[in-house]
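Source file my_file-v3.cif; content: mmCIF, C-alpha atoms (C1' of nucleotides).
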```
data_data
#
loop_
_atom_site.group_PDB
_atom_site.id
_atom_site.type_symbol
_atom_site.label_atom_id
_atom_site.label_comp_id
_atom_site.auth_asym_id
_atom_site.auth_seq_id
_atom_site.Cartn_x
_atom_site.Cartn_y
_atom_site.Cartn_z
ATOM 1 C CA MET A 489 -46.542 -13.206 23.966
ATOM 2 C CA GLN A 490 -49.061 -11.430 21.738
ATOM 3 C CA LYS A 491 -51.951 -13.284 20.225
ATOM 4 C CA PRO A 492 -55.048 -12.394 18.201
ATOM 5 C CA GLU A 493 -57.584 -13.142 20.948
ATOM 6 C CA LYS A 494 -57.733 -16.885 20.425
ATOM 7 C CA ASN A 495 -55.595 -19.238 18.471
ATOM 8 C CA THR A 496 -58.125 -21.462 16.763
ATOM 9 C CA ASP A 497 -55.720 -22.602 14.089
ATOM 10 C CA ASN A 498 -53.381 -25.444 14.872
ATOM 11 C CA GLY A 499 -51.664 -24.966 11.553
ATOM 12 C CA ASP A 500 -54.304 -26.948 9.661
ATOM 13 C CA GLN A 501 -54.123 -29.716 12.272
ATOM 14 C CA ASP A 502 -57.413 -30.368 14.056
ATOM 15 C CA ARG A 503 -56.404 -33.037 16.475
ATOM 16 C CA ASP A 504 -54.393 -32.940 19.682
ATOM 17 C CA PHE A 505 -51.942 -35.806 19.578
ATOM 18 C CA SER A 506 -50.361 -34.844 22.848
ATOM 19 C CA VAL A 507 -52.966 -36.833 24.780
ATOM 20 C CA LEU A 508 -51.852 -39.925 22.924
ATOM 21 C CA PHE A 509 -48.208 -39.362 23.749
ATOM 22 C CA ALA A 510 -49.066 -38.444 27.304
ATOM 23 C CA ALA A 511 -50.783 -41.807 27.696
ATOM 24 C CA LEU A 512 -47.638 -43.555 26.501
ATOM 25 C CA GLY A 513 -45.446 -41.205 28.480
ATOM 26 C CA ASP A 514 -45.466 -43.225 31.659
ATOM 27 C CA PRO A 515 -43.225 -46.284 32.078
ATOM 28 C CA THR A 516 -45.950 -48.400 33.649
ATOM 29 C CA ARG A 517 -48.505 -47.579 30.982
ATOM 30 C CA LEU A 518 -46.056 -48.043 28.154
ATOM 31 C CA ALA A 519 -45.090 -51.422 29.589
ATOM 32 C CA ILE A 520 -48.720 -52.487 29.751
ATOM 33 C CA PHE A 521 -49.425 -51.298 26.240
ATOM 34 C CA ASP A 522 -46.277 -52.974 24.970
ATOM 35 C CA ARG A 523 -47.295 -56.170 26.644
ATOM 36 C CA LEU A 524 -50.811 -56.210 25.232
ATOM 37 C CA ALA A 525 -49.359 -55.907 21.725
ATOM 38 C CA ASP A 526 -49.066 -59.679 21.645
ATOM 39 C CA GLY A 527 -52.788 -59.738 21.045
ATOM 40 C CA ARG A 528 -53.802 -61.491 24.232
ATOM 41 C CA PRO A 529 -56.334 -59.556 26.285
ATOM 42 C CA ARG A 530 -55.620 -59.613 29.994
ATOM 43 C CA SER A 531 -57.527 -58.979 33.158
ATOM 44 C CA ILE A 532 -56.585 -56.229 35.567
ATOM 45 C CA SER A 533 -55.316 -58.777 38.070
ATOM 46 C CA ALA A 534 -53.160 -60.470 35.474
ATOM 47 C CA LEU A 535 -51.616 -57.140 34.542
ATOM 48 C CA SER A 536 -51.146 -56.202 38.178
ATOM 49 C CA ASP A 537 -49.134 -59.329 38.892
ATOM 50 C CA ASP A 538 -46.162 -57.960 36.970
ATOM 51 C CA ALA A 539 -46.411 -54.378 38.112
ATOM 52 C CA ASP A 540 -44.945 -53.444 41.439
ATOM 53 C CA MET A 541 -47.886 -51.399 42.570
ATOM 54 C CA THR A 542 -51.412 -51.967 43.731
ATOM 55 C CA ARG A 543 -54.236 -53.175 41.536
ATOM 56 C CA GLN A 544 -55.958 -49.828 41.885
ATOM 57 C CA ALA A 545 -52.947 -48.016 40.508
ATOM 58 C CA VAL A 546 -52.893 -50.342 37.516
ATOM 59 C CA THR A 547 -56.614 -49.803 37.062
ATOM 60 C CA LYS A 548 -56.051 -46.076 36.815
ATOM 61 C CA HIS A 549 -53.325 -46.524 34.251
ATOM 62 C CA LEU A 550 -55.571 -48.763 32.206
ATOM 63 C CA ARG A 551 -58.273 -46.135 32.225
ATOM 64 C CA VAL A 552 -55.848 -43.535 30.960
ATOM 65 C CA LEU A 553 -54.876 -45.850 28.114
ATOM 66 C CA GLU A 554 -58.514 -46.544 27.420
ATOM 67 C CA ALA A 555 -59.420 -42.860 27.432
ATOM 68 C CA ALA A 556 -56.706 -42.337 24.839
ATOM 69 C CA GLY A 557 -58.193 -45.141 22.771
ATOM 70 C CA LEU A 558 -55.059 -47.246 22.965
ATOM 71 C CA VAL A 559 -56.749 -50.183 24.640
ATOM 72 C CA GLN A 560 -60.271 -51.497 24.836
ATOM 73 C CA ASN A 561 -62.075 -52.963 27.767
ATOM 74 C CA HIS A 562 -64.899 -55.395 28.007
ATOM 75 C CA ARG A 563 -66.134 -57.252 30.972
ATOM 76 C CA VAL A 564 -66.432 -60.994 30.924
ATOM 77 C CA GLY A 565 -67.851 -62.599 33.987
ATOM 78 C CA ARG A 566 -66.250 -61.136 37.041
ATOM 79 C CA GLU A 567 -63.195 -59.905 35.275
ATOM 80 C CA SER A 568 -62.453 -56.927 33.114
ATOM 81 C CA GLN A 569 -60.418 -57.778 30.057
ATOM 82 C CA TYR A 570 -58.207 -55.146 28.495
ATOM 83 C CA ALA A 571 -57.120 -55.581 24.915
ATOM 84 C CA PHE A 572 -54.754 -53.827 22.540
ATOM 85 C CA CYS A 573 -56.363 -51.357 20.179
ATOM 86 C CA PRO A 574 -54.344 -50.592 17.050
ATOM 87 C CA ASP A 575 -56.133 -47.547 15.616
ATOM 88 C CA GLN A 576 -54.711 -44.811 17.791
ATOM 89 C CA LEU A 577 -51.288 -46.342 17.566
ATOM 90 C CA ALA A 578 -51.574 -46.044 13.809
ATOM 91 C CA GLU A 579 -52.577 -42.414 14.201
ATOM 92 C CA ALA A 580 -49.611 -41.676 16.415
ATOM 93 C CA ARG A 581 -47.302 -43.321 13.914
ATOM 94 C CA ALA A 582 -48.835 -41.391 11.052
ATOM 95 C CA TYR A 583 -48.380 -38.145 12.909
ATOM 96 C CA LEU A 584 -44.731 -38.800 13.672
ATOM 97 C CA ASP A 585 -44.181 -39.845 10.080
ATOM 98 C CA GLN A 586 -45.665 -36.592 8.952
ATOM 99 C CA VAL A 587 -43.404 -34.559 11.232
ATOM 100 C CA ALA A 588 -40.386 -36.533 10.064
ATOM 101 C CA GLY A 589 -41.494 -35.928 6.503
ATOM 102 C CA ARG A 590 -41.643 -32.191 6.978
ATOM 103 C CA TRP A 591 -38.172 -32.272 8.477
ATOM 104 C CA GLU A 592 -36.843 -34.256 5.538
ATOM 105 C CA SER A 593 -38.338 -31.798 3.082
ATOM 106 C CA ALA A 594 -36.702 -28.972 4.956
ATOM 107 C CA LEU A 595 -33.367 -30.727 4.655
ATOM 108 C CA MET A 596 -33.887 -31.229 0.951
ATOM 109 C CA ARG A 597 -34.696 -27.602 0.365
ATOM 110 C CA LEU A 598 -31.589 -26.578 2.244
ATOM 111 C CA LYS A 599 -29.468 -29.018 0.272
ATOM 112 C CA THR A 600 -30.774 -27.740 -3.052
ATOM 113 C CA PHE A 601 -30.265 -24.196 -1.870
ATOM 114 C CA VAL A 602 -26.642 -24.868 -1.015
ATOM 115 C CA GLU A 603 -25.930 -26.847 -4.173
ATOM 116 C CA ASP A 604 -27.279 -24.044 -6.329
ATOM 117 C CA GLY A 605 -24.970 -21.813 -4.386
ATOM 118 C CA GLU A 606 -27.187 -18.885 -3.511
ATOM 119 C CA ALA A 607 -25.236 -17.864 -0.466
ATOM 120 C CA MET B 1438 -48.177 -58.417 42.812
ATOM 121 C CA GLN B 1439 -45.324 -60.870 43.272
ATOM 122 C CA LYS B 1440 -41.945 -60.176 41.758
ATOM 123 C CA PRO B 1441 -38.442 -61.674 41.990
ATOM 124 C CA GLU B 1442 -36.879 -58.835 43.987
ATOM 125 C CA LYS B 1443 -36.168 -56.548 41.069
ATOM 126 C CA ASN B 1444 -37.368 -56.528 37.531
ATOM 127 C CA THR B 1445 -34.212 -55.902 35.561
ATOM 128 C CA ASP B 1446 -35.596 -57.340 32.359
ATOM 129 C CA ASN B 1447 -37.713 -55.160 30.144
ATOM 130 C CA GLY B 1448 -38.396 -58.060 27.860
ATOM 131 C CA ASP B 1449 -35.109 -57.710 26.010
ATOM 132 C CA GLN B 1450 -35.695 -53.968 25.676
ATOM 133 C CA ASP B 1451 -32.964 -51.865 27.286
ATOM 134 C CA ARG B 1452 -34.312 -48.418 26.730
ATOM 135 C CA ASP B 1453 -37.138 -46.480 28.319
ATOM 136 C CA PHE B 1454 -39.092 -44.821 25.559
ATOM 137 C CA SER B 1455 -41.641 -43.398 27.949
ATOM 138 C CA VAL B 1456 -39.460 -40.356 28.570
ATOM 139 C CA LEU B 1457 -39.619 -39.595 24.882
ATOM 140 C CA PHE B 1458 -43.396 -39.842 24.784
ATOM 141 C CA ALA B 1459 -43.695 -37.904 28.001
ATOM 142 C CA ALA B 1460 -41.761 -35.067 26.396
ATOM 143 C CA LEU B 1461 -44.211 -35.037 23.494
ATOM 144 C CA GLY B 1462 -47.144 -35.584 25.812
ATOM 145 C CA ASP B 1463 -47.782 -31.945 26.506
ATOM 146 C CA PRO B 1464 -49.660 -29.753 24.015
ATOM 147 C CA THR B 1465 -47.261 -26.837 24.343
ATOM 148 C CA ARG B 1466 -44.175 -28.973 23.879
ATOM 149 C CA LEU B 1467 -45.658 -30.906 20.989
ATOM 150 C CA ALA B 1468 -46.596 -27.636 19.314
ATOM 151 C CA ILE B 1469 -43.050 -26.329 19.706
ATOM 152 C CA PHE B 1470 -41.533 -29.529 18.427
ATOM 153 C CA ASP B 1471 -43.959 -29.608 15.522
ATOM 154 C CA ARG B 1472 -43.067 -26.056 14.675
ATOM 155 C CA LEU B 1473 -39.331 -26.602 14.724
ATOM 156 C CA ALA B 1474 -39.759 -29.436 12.232
ATOM 157 C CA ASP B 1475 -39.558 -26.874 9.439
ATOM 158 C CA GLY B 1476 -35.842 -26.795 10.085
ATOM 159 C CA ARG B 1477 -35.595 -23.228 11.226
ATOM 160 C CA PRO B 1478 -33.992 -22.817 14.646
ATOM 161 C CA ARG B 1479 -35.725 -20.298 16.831
ATOM 162 C CA SER B 1480 -34.892 -18.292 19.906
ATOM 163 C CA ILE B 1481 -36.795 -18.679 23.148
ATOM 164 C CA SER B 1482 -38.410 -15.292 22.676
ATOM 165 C CA ALA B 1483 -39.525 -16.161 19.175
ATOM 166 C CA LEU B 1484 -41.121 -19.353 20.435
ATOM 167 C CA SER B 1485 -42.718 -17.550 23.356
ATOM 168 C CA ASP B 1486 -44.475 -15.112 21.071
ATOM 169 C CA ASP B 1487 -46.909 -17.790 19.933
ATOM 170 C CA ALA B 1488 -47.422 -19.493 23.259
ATOM 171 C CA ASP B 1489 -49.873 -17.998 25.696
ATOM 172 C CA MET B 1490 -47.606 -18.286 28.672
ATOM 173 C CA THR B 1491 -44.514 -16.624 30.039
ATOM 174 C CA ARG B 1492 -41.073 -16.964 28.552
ATOM 175 C CA GLN B 1493 -39.919 -18.880 31.600
ATOM 176 C CA ALA B 1494 -42.605 -21.488 31.105
ATOM 177 C CA VAL B 1495 -41.542 -21.937 27.504
ATOM 178 C CA THR B 1496 -37.939 -22.177 28.632
ATOM 179 C CA LYS B 1497 -38.845 -25.062 30.913
ATOM 180 C CA HIS B 1498 -40.652 -26.857 28.133
ATOM 181 C CA LEU B 1499 -37.670 -26.425 25.856
ATOM 182 C CA ARG B 1500 -35.420 -27.943 28.469
ATOM 183 C CA VAL B 1501 -37.664 -30.952 28.753
ATOM 184 C CA LEU B 1502 -37.509 -31.404 24.995
ATOM 185 C CA GLU B 1503 -33.765 -30.966 25.076
ATOM 186 C CA ALA B 1504 -33.333 -33.453 27.919
ATOM 187 C CA ALA B 1505 -35.244 -35.957 25.816
ATOM 188 C CA GLY B 1506 -32.920 -35.239 22.914
ATOM 189 C CA LEU B 1507 -35.704 -33.987 20.688
ATOM 190 C CA VAL B 1508 -34.216 -30.540 20.233
ATOM 191 C CA GLN B 1509 -30.787 -29.042 20.437
ATOM 192 C CA ASN B 1510 -29.709 -25.747 21.851
ATOM 193 C CA HIS B 1511 -26.816 -23.499 21.120
ATOM 194 C CA ARG B 1512 -26.284 -19.981 22.126
ATOM 195 C CA VAL B 1513 -25.541 -17.328 19.574
ATOM 196 C CA GLY B 1514 -24.884 -13.868 20.864
ATOM 197 C CA ARG B 1515 -27.482 -12.968 23.421
ATOM 198 C CA GLU B 1516 -30.003 -15.464 22.254
ATOM 199 C CA SER B 1517 -30.422 -19.163 22.708
ATOM 200 C CA GLN B 1518 -31.396 -20.952 19.536
ATOM 201 C CA TYR B 1519 -33.358 -24.168 19.699
ATOM 202 C CA ALA B 1520 -33.325 -26.510 16.740
ATOM 203 C CA PHE B 1521 -35.097 -29.669 15.730
ATOM 204 C CA CYS B 1522 -33.196 -32.879 16.359
ATOM 205 C CA PRO B 1523 -34.326 -35.858 14.268
ATOM 206 C CA ASP B 1524 -32.565 -38.785 15.957
ATOM 207 C CA GLN B 1525 -34.862 -39.367 18.898
ATOM 208 C CA LEU B 1526 -37.883 -38.853 16.708
ATOM 209 C CA ALA B 1527 -36.583 -41.662 14.540
ATOM 210 C CA GLU B 1528 -36.168 -43.824 17.610
ATOM 211 C CA ALA B 1529 -39.707 -43.155 18.747
ATOM 212 C CA ARG B 1530 -40.995 -44.023 15.306
ATOM 213 C CA ALA B 1531 -38.951 -47.194 15.205
ATOM 214 C CA TYR B 1532 -40.306 -48.238 18.552
ATOM 215 C CA LEU B 1533 -43.923 -47.683 17.563
ATOM 216 C CA ASP B 1534 -43.291 -49.529 14.320
ATOM 217 C CA GLN B 1535 -41.939 -52.430 16.289
ATOM 218 C CA VAL B 1536 -44.987 -52.548 18.542
ATOM 219 C CA ALA B 1537 -47.297 -52.336 15.554
ATOM 220 C CA GLY B 1538 -45.296 -55.103 13.949
ATOM 221 C CA ARG B 1539 -45.740 -57.388 16.914
ATOM 222 C CA TRP B 1540 -49.453 -56.700 16.843
ATOM 223 C CA GLU B 1541 -49.636 -57.536 13.153
ATOM 224 C CA SER B 1542 -47.801 -60.793 13.696
ATOM 225 C CA ALA B 1543 -50.224 -61.675 16.441
ATOM 226 C CA LEU B 1544 -53.109 -61.062 14.052
ATOM 227 C CA MET B 1545 -51.474 -63.232 11.432
ATOM 228 C CA ARG B 1546 -50.948 -66.100 13.824
ATOM 229 C CA LEU B 1547 -54.577 -65.888 14.869
ATOM 230 C CA LYS B 1548 -55.711 -65.828 11.257
ATOM 231 C CA THR B 1549 -53.650 -68.892 10.369
ATOM 232 C CA PHE B 1550 -54.885 -70.631 13.476
ATOM 233 C CA VAL B 1551 -58.493 -70.023 12.512
ATOM 234 C CA GLU B 1552 -57.989 -70.919 8.859
ATOM 235 C CA ASP B 1553 -56.412 -74.230 9.805
ATOM 236 C CA GLY B 1554 -59.476 -74.748 11.944
ATOM 237 C CA GLU B 1555 -58.012 -75.935 15.216
ATOM 238 C CA ALA B 1556 -60.907 -74.790 17.318
ATOM 239 C "C1'" DT C 1002 -73.640 -71.905 51.122
ATOM 240 C "C1'" DC C 1003 -69.218 -69.891 52.200
ATOM 241 C "C1'" DA C 1004 -64.777 -68.603 51.140
ATOM 242 C "C1'" DT C 1005 -62.226 -66.743 47.370
ATOM 243 C "C1'" DT C 1006 -61.324 -64.034 43.488
ATOM 244 C "C1'" DA C 1007 -61.940 -59.841 40.679
ATOM 245 C "C1'" DT C 1008 -63.383 -55.652 40.608
ATOM 246 C "C1'" DG C 1009 -65.388 -50.740 41.633
ATOM 247 C "C1'" DC C 1010 -65.784 -46.431 44.210
ATOM 248 C "C1'" DA C 1011 -64.260 -42.760 47.217
ATOM 249 C "C1'" DA C 1012 -61.188 -40.321 50.044
ATOM 250 C "C1'" DC C 1013 -56.771 -39.484 50.858
ATOM 251 C "C1'" DT C 1014 -51.479 -38.490 50.578
ATOM 252 C "C1'" DA C 1015 -47.417 -37.504 48.187
ATOM 253 C "C1'" DA C 1016 -44.805 -36.059 44.592
ATOM 254 C "C1'" DA C 1017 -44.111 -34.160 40.138
ATOM 255 C "C1'" DA C 1018 -45.343 -30.891 36.586
ATOM 256 C "C1'" DA C 1019 -46.827 -26.471 34.947
ATOM 257 C "C1'" DG C 1020 -46.634 -21.888 35.394
ATOM 258 C "C1'" DT C 1021 -45.652 -17.283 37.651
ATOM 259 C "C1'" DT C 1022 -42.956 -13.483 39.621
ATOM 260 C "C1'" DG C 1023 -38.903 -10.977 40.851
ATOM 261 C "C1'" DC C 1024 -34.409 -9.917 40.056
ATOM 262 C "C1'" DG C 1025 -29.802 -10.013 38.128
ATOM 263 C "C1'" DT C 1026 -26.685 -10.170 34.052
ATOM 264 C "C1'" DA C 1027 -25.001 -10.323 29.367
ATOM 265 C "C1'" DT C 1028 -25.583 -8.430 24.647
ATOM 266 C "C1'" DT C 1029 -27.247 -5.210 21.182
ATOM 267 C "C1'" DT C 1030 -28.393 -0.980 19.360
ATOM 268 C "C1'" DG C 1031 -29.637 3.947 19.015
ATOM 269 C "C1'" DC D 278 -23.180 5.384 27.354
ATOM 270 C "C1'" DA D 279 -28.113 4.349 28.106
ATOM 271 C "C1'" DA D 280 -32.079 1.912 26.872
ATOM 272 C "C1'" DA D 281 -33.847 -2.152 25.171
ATOM 273 C "C1'" DT D 282 -33.543 -7.015 24.304
ATOM 274 C "C1'" DA D 283 -32.722 -11.894 25.554
ATOM 275 C "C1'" DC D 284 -31.835 -14.661 28.846
ATOM 276 C "C1'" DG D 285 -30.757 -17.272 33.526
ATOM 277 C "C1'" DC D 286 -31.633 -18.429 38.343
ATOM 278 C "C1'" DA D 287 -34.388 -19.090 42.394
ATOM 279 C "C1'" DA D 288 -38.455 -19.160 45.081
ATOM 280 C "C1'" DC D 289 -43.018 -19.750 45.025
ATOM 281 C "C1'" DT D 290 -48.072 -21.247 44.000
ATOM 282 C "C1'" DT D 291 -51.207 -24.181 41.730
ATOM 283 C "C1'" DT D 292 -52.695 -28.124 39.466
ATOM 284 C "C1'" DT D 293 -52.118 -32.894 37.975
ATOM 285 C "C1'" DT D 294 -50.586 -37.271 38.385
ATOM 286 C "C1'" DA D 295 -49.337 -41.380 40.737
ATOM 287 C "C1'" DG D 296 -50.255 -44.277 44.149
ATOM 288 C "C1'" DT D 297 -52.417 -45.976 48.569
ATOM 289 C "C1'" DT D 298 -56.018 -47.610 51.741
ATOM 290 C "C1'" DG D 299 -60.534 -49.024 53.159
ATOM 291 C "C1'" DC D 300 -64.728 -50.792 52.096
ATOM 292 C "C1'" DA D 301 -68.501 -52.667 49.294
ATOM 293 C "C1'" DT D 302 -70.233 -55.817 45.665
ATOM 294 C "C1'" DA D 303 -70.541 -59.271 41.936
ATOM 295 C "C1'" DA D 304 -69.080 -63.711 40.191
ATOM 296 C "C1'" DT D 305 -66.830 -68.417 41.022
ATOM 297 C "C1'" DG D 306 -65.776 -72.697 42.886
ATOM 298 C "C1'" DA D 307 -65.238 -76.225 46.479
#
```

Could you write out this structure as structure tokens?
Amino acid sequence: MQKPEKNTDNGDQDRDFSVLFAALGDPTRLAIFDRLADGRPRSISALSDDADMTRQAVTKHLRVLEAAGLVQNHRVGRESQYAFCPDQLAEARAYLDQVAGRWESALMRLKTFVEDGEA
Amino acid sequence: MQKPEKNTDNGDQDRDFSVLFAALGDPTRLAIFDRLADGRPRSISALSDDADMTRQAVTKHLRVLEAAGLVQNHRVGRESQYAFCPDQLAEARAYLDQVAGRWESALMRLKTFVEDGEA
DNA sequence: TCATTATGCAACTAAAAAGTTGCGTATTTG
DNA sequence: CAAATACGCAACTTTTTAGTTGCATAATGA
């Protein structure tokens, strides 16, 4: 519990990926995102038809996804079309890959260490 | 907003990945998880030293990560060691890969459609 | 034009999450 | 043994999140 005033270093990592995961960390939102991955943009009403909650609730979820950059919105006529947005997904994947990579390296180092028998 | 009583089909997907993302969807938890990726198990106290919150708060976060299967815990002596657990990370990655894959396919189909000129 | 459809905004409730504090109990260690 | 360390449990407060309801407005279509 001691810290040098302010922790400005995220271990050479400038971005906060938790907001991305938080956006995907709700069953309704993940379902919507998953569904939009087929490439077809959908209106709020269309997306609400399959969710067992009000349109307003779905709207809020969509805004969370949009704020995270996982979907894009543009209005056409009277309806608001939400579309899949691949960039942040790619970033999330890259981050997880990087974590997995670090873990793998750690395993390798341990393996080498054991094989060389410096117990 | 109409549904056939109960939606038991997740589109051929049996698992709920949102719990995994929810576990990573908090800055403190993600930082802990990220840190443990170096392979070194750490005690609760050790992990609390870098977080600007109480030990109890960190304990709760660790339990969320553990419940999601992202870390493992085993007690040694008076301290409780938390260690990185790669399996669920792999699952999360696989899921995101699958979503990205579906998106790519959708792009391909659109491209072919346009190239063949059936406007 | 008039009813319908699609949406937005605001206020609200309810429930879950994040975090704290106090206290009790093992386990080390000097 | 006595102090210090590491932790667990339980109760509590605070903040966020999820979701609802009511109402207003813009766009469509018969």

List the neighbours of Ser531 (chain A) out to 8 Å using all atoms listed in the file; skip same-chain residues closer than 4 positions along the sequence, and give me the result as a VMD selection string.
chain A and resid 535 567 to 570

Name the residues captured by the PyMOL selection byres ((chain A) within 12 of (chain C)) when it is applied to the shown file; answer as a list in words.
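Selection result, ordered by chain and number: Ser531, Ile532, Ser533, Ala534, Ser536, Arg543, Gln544, Thr547, Lys548, Arg563, Val564, Gly565, Arg566, Glu567, Ser568 and Gln569 of chain A.
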
Quick check, in Å to one decimal: how far apart do CA of Leu1461 (chain B) and C1' of DT290 (chain D) lie?
25.0 Å

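With all atoms listed in the file as the atoms that count, the residue of D:DA295, D:DA279, D:DA301, D:DC286 with the shortest distance to chain B is D:DC286.
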
Once you count only C-alpha atoms (C1' of nucleotides), which residues end up no further than 12 Å from (-40.8, -27.5, 28.9) in the file's frame, shown as a VMD selection string?
(chain B and resid 1459 to 1470 1481 1484 to 1485 1488 1490 to 1505 1507 to 1508) or (chain C and resid 1018 to 1020)

For the full set of C-alpha atoms taken in order, report to one decimal the RMSD after fitting chain B onto chain A.
0.1 Å

Using only C-alpha atoms (C1' of nucleotides) and a distance of at most 9 Å, pull out the residues of chain D that contact chain B, as a PDB file with C-alpha atoms (C1' of nucleotides), in the frame of the given file.
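To be explicit, this is the file written out as result.pdb:
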```
ATOM      1  C1'  DT D 282     -33.543  -7.015  24.304  1.00  0.00           C
ATOM      2  C1'  DA D 283     -32.722 -11.894  25.554  1.00  0.00           C
ATOM      3  C1'  DC D 284     -31.835 -14.661  28.846  1.00  0.00           C
TER       4       DC D 284
END
```

Taking all atoms of region 1478-1494 of chain B that the file lists, what box with edges along x, y and z, padded by 6 Å per side, do you get, with centre and edge lengths in Å to one decimal, as JSON?
```
{"center_x": -41.9, "center_y": -19.0, "center_z": 23.1, "size_x": 27.9, "size_y": 19.7, "size_z": 29.0}
```

Restricting the calculation to only C-alpha atoms, which member of A:Ser593, A:Gly557, A:Cys573, A:Ala580 is positioned closest to Ala525 (chain A)?
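Nearest to Ala525 (chain A): A:Cys573.
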
Determine the nearest neighbour of chain A from the options B:Tyr1532, B:Arg1479, B:Arg1539, B:Val1551, counting only C-alpha atoms.
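Nearest candidate to chain A out of B:Tyr1532, B:Arg1479, B:Arg1539, B:Val1551: B:Arg1539.
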
Check the smallest atom-to-atom distance from each of A:Gln586, A:Thr600, A:Ser506, A:Asn561 to chain B using only C-alpha atoms, then report the winner.
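Once distances to chain B are computed over only C-alpha atoms, the minimum belongs to A:Ser506.
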
Provide the CA of Ala1543 (chain B) to CA of Asp526 (chain A) distance in Å, to one decimal place.
5.7 Å

If I take CA of Glu592 (chain A) and CA of Glu1528 (chain B), how far is one from the other in Å, to one decimal?
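Here the two named atoms are 15.4 Å from each other.
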
Kindly indicate which residue among A:Asp502, A:Gly527, A:Gly589, A:Gln560 lies nearest to chain B, using all atoms listed in the file for the distances.
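Of A:Asp502, A:Gly527, A:Gly589, A:Gln560, the one nearest chain B is A:Gly527, counting all atoms listed in the file.
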
Between B:Pro1478, B:Arg1452, B:Pro1523, B:Phe1458, single out the one closest to His1511 (chain B), counting all atoms listed in the file.
B:Pro1478

Region 1012-1031 of chain C from the block above, C-alpha atoms (C1' of nucleotides), as an mmCIF file, in the first residue's frame, please?
```cif
data_model
loop_
_atom_site.group_PDB
_atom_site.id
_atom_site.type_symbol
_atom_site.label_atom_id
_atom_site.label_comp_id
_atom_site.auth_asym_id
_atom_site.auth_seq_id
_atom_site.Cartn_x
_atom_site.Cartn_y
_atom_site.Cartn_z
ATOM 1 C "C1'" DA C 1012 -36.128 11.234 -14.083
ATOM 2 C "C1'" DC C 1013 -36.461 7.443 -11.556
ATOM 3 C "C1'" DT C 1014 -35.792 2.666 -9.146
ATOM 4 C "C1'" DA C 1015 -33.304 -1.341 -8.175
ATOM 5 C "C1'" DA C 1016 -29.526 -4.075 -7.894
ATOM 6 C "C1'" DA C 1017 -24.746 -5.034 -8.295
ATOM 7 C "C1'" DA C 1018 -19.993 -3.633 -7.782
ATOM 8 C "C1'" DA C 1019 -16.270 -1.327 -5.490
ATOM 9 C "C1'" DG C 1020 -14.272 -0.175 -1.499
ATOM 10 C "C1'" DT C 1021 -13.822 0.571 3.649
ATOM 11 C "C1'" DT C 1022 -13.573 -0.575 8.570
ATOM 12 C "C1'" DG C 1023 -13.387 -3.490 12.530
ATOM 13 C "C1'" DC C 1024 -12.231 -7.590 14.480
ATOM 14 C "C1'" DG C 1025 -10.711 -12.322 14.981
ATOM 15 C "C1'" DT C 1026 -7.362 -16.059 13.897
ATOM 16 C "C1'" DA C 1027 -3.468 -18.555 12.049
ATOM 17 C "C1'" DT C 1028 1.557 -18.358 11.094
ATOM 18 C "C1'" DT C 1029 6.217 -16.547 11.467
ATOM 19 C "C1'" DT C 1030 9.991 -14.647 13.628
ATOM 20 C "C1'" DG C 1031 12.868 -12.190 17.038
#
```
